[in-house]
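Below is upload-v8.cif, holding mmCIF, C-alpha atoms.
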data_protein
loop_
_atom_site.label_atom_id
_atom_site.label_comp_id
_atom_site.auth_asym_id
_atom_site.auth_seq_id
_atom_site.Cartn_x
_atom_site.Cartn_y
_atom_site.Cartn_z
CA MET K 1 35.41 151.54 143.02
CA LYS K 2 34.06 148.89 140.65
CA LYS K 3 30.99 146.87 141.61
CA PRO K 4 31.93 143.23 141.97
CA THR K 5 30.30 140.66 139.72
CA ILE K 6 29.40 137.53 141.65
CA LEU K 7 28.21 134.28 140.10
CA ILE K 8 26.29 131.76 142.22
CA VAL K 9 25.94 128.29 140.73
CA ASP K 10 23.52 126.19 142.74
CA ASP K 11 20.39 124.19 141.99
CA GLU K 12 18.74 125.11 145.33
CA LYS K 13 16.60 128.15 144.47
CA ASP K 14 15.83 129.18 148.06
CA PHE K 15 19.50 129.11 148.98
CA SER K 16 20.47 131.10 145.88
CA SER K 17 17.76 133.70 146.48
CA THR K 18 18.92 134.27 150.04
CA LEU K 19 22.55 134.59 148.97
CA VAL K 20 21.66 136.96 146.10
CA GLU K 21 19.75 139.27 148.43
CA PHE K 22 22.53 139.22 151.01
CA LEU K 23 25.40 139.83 148.57
CA SER K 24 23.54 142.50 146.61
CA GLU K 25 22.73 144.40 149.78
CA ARG K 26 26.01 143.99 151.68
CA PHE K 27 28.44 144.38 148.77
CA ASN K 28 26.43 146.41 146.25
CA ALA K 29 27.27 143.62 143.83
CA ASN K 30 26.00 142.51 140.44
CA VAL K 31 24.88 138.97 141.30
CA LEU K 32 24.17 136.36 138.65
CA VAL K 33 22.62 132.96 139.39
CA ARG K 34 22.79 129.81 137.34
CA GLU K 35 21.32 126.43 138.25
CA ASN K 36 23.79 124.11 136.55
CA ALA K 37 27.36 123.75 135.36
CA MET K 38 26.62 124.25 131.66
CA GLU K 39 24.83 127.57 132.29
CA ALA K 40 27.73 128.66 134.52
CA ILE K 41 30.28 127.88 131.81
CA GLU K 42 28.29 129.98 129.33
CA VAL K 43 28.37 132.95 131.73
CA LEU K 44 32.07 132.51 132.44
CA ASN K 45 32.79 132.57 128.70
CA GLN K 46 31.00 135.92 128.36
CA VAL K 47 31.33 137.84 131.64
CA GLN K 48 34.29 138.85 133.80
CA VAL K 49 33.33 137.31 137.15
CA ASP K 50 35.06 138.50 140.34
CA VAL K 51 33.64 135.94 142.76
CA LEU K 52 32.25 132.46 142.13
CA PHE K 53 30.17 130.47 144.62
CA GLN K 54 30.10 126.98 143.10
CA ASP K 55 27.99 124.10 144.40
CA MET K 56 29.76 120.86 143.64
CA ILE K 57 26.91 118.35 143.63
CA MET K 58 24.12 119.19 141.20
CA PRO K 59 21.99 117.34 138.68
CA GLY K 60 23.94 116.88 135.46
CA PRO K 61 27.57 117.90 135.22
CA SER K 62 29.20 118.61 138.59
CA GLY K 63 30.65 121.83 139.84
CA GLU K 64 34.08 120.32 139.32
CA GLN K 65 33.61 120.84 135.57
CA VAL K 66 33.12 124.57 136.15
CA ILE K 67 36.30 124.78 138.22
CA ASP K 68 38.19 122.81 135.55
CA HIS K 69 36.82 125.15 132.86
CA ILE K 70 38.09 128.21 134.73
CA LYS K 71 41.47 126.51 135.08
CA ASN K 72 41.55 125.76 131.35
CA LEU K 73 40.71 129.39 130.57
CA LYS K 74 43.64 130.32 132.85
CA ARG K 75 41.31 132.56 134.86
CA ILE K 76 41.45 130.71 138.19
CA ASN K 77 43.78 133.42 139.59
CA GLU K 78 41.53 136.23 138.36
CA MET K 79 38.64 135.49 140.67
CA ILE K 80 37.80 134.45 144.19
CA VAL K 81 36.34 130.95 144.10
CA PHE K 82 34.31 129.32 146.85
CA ILE K 83 33.22 125.70 146.71
CA ILE K 84 29.91 125.34 148.55
CA SER K 85 28.52 121.94 149.40
CA LYS K 86 26.48 120.02 151.95
CA TRP K 87 29.07 117.28 151.78
CA ASN K 88 32.29 118.01 153.60
CA ASP K 89 34.44 116.28 151.03
CA GLU K 90 38.15 116.38 151.77
CA ALA K 91 38.86 115.32 148.20
CA TYR K 92 37.50 118.65 146.87
CA THR K 93 39.35 120.60 149.52
CA PHE K 94 42.63 118.82 148.79
CA LYS K 95 42.26 118.91 145.00
CA PHE K 96 41.58 122.65 144.78
CA GLU K 97 43.58 123.83 147.78
CA ASN K 98 46.67 124.66 145.72
CA LEU K 99 44.55 126.80 143.38
CA GLY K 100 43.46 129.11 146.18
CA VAL K 101 39.88 127.82 146.07
CA LYS K 102 38.09 128.02 149.41
CA TYR K 103 35.53 125.58 150.83
CA ILE K 104 32.36 126.74 152.59
CA PRO K 105 30.11 123.99 153.98
CA LYS K 106 26.34 124.27 153.67
CA PRO K 107 24.31 125.50 155.33
CA ILE K 108 26.54 128.53 155.05
CA SER K 109 26.65 131.26 157.63
CA LEU K 110 25.98 134.62 156.03
CA ILE K 111 28.07 136.34 158.71
CA THR K 112 31.02 134.03 158.00
CA THR K 113 30.56 134.51 154.25
CA GLN K 114 30.59 138.28 154.70
CA LYS K 115 33.74 138.11 156.84
CA VAL K 116 35.59 135.89 154.35
CA LEU K 117 34.63 138.07 151.38
CA ILE K 118 35.71 141.25 153.16
CA GLU K 119 39.06 139.62 153.95
CA GLU K 120 39.52 138.52 150.33
CA PHE K 121 38.60 141.95 148.96
CA GLU K 122 40.91 143.69 151.42
CA ILE K 123 43.81 141.48 150.30
CA CYS K 124 43.19 142.78 146.80
CA GLY K 125 42.63 146.40 147.79
CA GLY K 126 38.91 146.41 147.11
CA PHE K 127 37.11 145.49 143.94
CA ASP K 128 39.45 147.28 141.55
CA TYR K 129 41.91 144.47 141.20
CA LYS K 130 43.11 143.03 137.92
CA LYS K 131 44.29 139.62 139.08
CA LYS K 132 43.89 137.94 142.41
CA SER K 133 47.38 136.47 142.19
CA SER K 134 48.96 139.89 141.79
CA CYS K 135 47.61 141.04 145.14
CA LEU K 136 48.58 138.01 147.25
#
What is this structure when it is put down as structure tokens?
Amino acid sequence: MKKPTILIVDDEKDFSSTLVEFLSERFNANVLVRENAMEAIEVLNQVQVDVLFQDMIMPGPSGEQVIDHIKNLKRINEMIVFIISKWNDEAYTFKFENLGVKYIPKPISLITTQKVLIEEFEICGGFDYKKKSSCL
């Protein structure tokens, strides 16, 4: 089975480090971290990402630009996307709900994150899926 590639986009280094360690250990994943939207867009243009954890409120361009970029690339259905934010903003939830994007409030529970990822990967039959939409 293929190792998943996970991209975390968050400007909080301690949070990112904890999530990297957890995801690498629990899912044997290749985990990439970027601190801002522009760096995330560069990665998404070059790497096939399976899972994205996107903070929405960061210095500079917001996480919304990353989500819009994935939509424009027509890759939103090829990955599992989680919006992570301290602010429980119903506008984000509503705006991205029809795209299959999930919202996880900060501080996130690692146990809940693990459970949600396992459920998402099981829907797709593991990590060897071509398109998320084809396995729903």
**OP:** Just give me the gap between atom CA of Met58 of chain K and atom CA of Pro105 of chain K in Å, one decimal is fine.
**Re:** 14.9 Å
**OP:** Might you spell out which residues the PyMOL selection byres ((chain K and resi 12-17) around 12) would select in the displayed file, as JSON, numbers by chain?
**Re:** {"K": [6, 7, 8, 9, 10, 11, 18, 19, 20, 21, 22, 23, 24, 31, 32, 33, 34, 35, 36, 53, 54, 55, 56, 57, 58, 59, 84, 85, 86, 106, 107, 108, 109, 110]}
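Proximity of K:Lys2, K:Ile41, K:Tyr103, K:Arg26 to Lys115 of chain K, computed with only C-alpha atoms, is greatest for K:Arg26.
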Subject >> Selected residue, from K:Ile83, K:Ile104, K:Ala37, K:Ile118, that lies nearest to Pro4 of chain K when counting all atoms listed in the file >> reply: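 Of all the options, K:Ile118 lies closest to Pro4 of chain K.
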Original post:
So how many Å separate atom CA of Met38 of chain K and atom CA of Asn72 of chain K, to one decimal?
Top reply: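 We find that atom CA of Met38 of chain K and atom CA of Asn72 of chain K lie 15.0 Å from each other.
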Original post:
Quick one, how far is atom CA of Val47 of chain K from atom CA of Val101 of chain K?
Top reply: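 So the two atoms, atom CA of Val47 of chain K and atom CA of Val101 of chain K, lie 19.5 Å apart.
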Subject >> Using all atoms listed in the file: which of K:Met79, K:Ile111, K:Leu117, K:Ile123 has the shortest distance to Val49 of chain K >> reply: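 Nearest candidate to Val49 of chain K out of K:Met79, K:Ile111, K:Leu117, K:Ile123: K:Met79.
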**OP:** Kindly indicate which residue among K:Lys3, K:Phe27, K:Ile80, K:Val51 lies nearest to Gln114 of chain K, using all atoms listed in the file for the distances.
**Re:**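 Among the listed residues, the smallest separation from Gln114 of chain K belongs to K:Phe27.
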Subject >> Pick from K:Thr5, K:Phe82, K:Leu52, K:Val43, whichever lies nearest to Ala29 of chain K using all atoms listed in the file >> reply: K:Thr5
All residues 10 Å or closer to Asn45 of chain K, only C-alpha atoms, same chain fewer than 3 positions away omitted, as a PDB file with C-alpha atoms, keeping the file's coordinate frame:
ATOM      1  CA  ALA K  40      27.730 128.660 134.520  1.00  0.00           C
ATOM      2  CA  ILE K  41      30.280 127.880 131.810  1.00  0.00           C
ATOM      3  CA  GLU K  42      28.290 129.980 129.330  1.00  0.00           C
ATOM      4  CA  GLN K  48      34.290 138.850 133.800  1.00  0.00           C
ATOM      5  CA  VAL K  49      33.330 137.310 137.150  1.00  0.00           C
ATOM      6  CA  HIS K  69      36.820 125.150 132.860  1.00  0.00           C
ATOM      7  CA  ILE K  70      38.090 128.210 134.730  1.00  0.00           C
ATOM      8  CA  LEU K  73      40.710 129.390 130.570  1.00  0.00           C
TER       9      LEU K  73
END
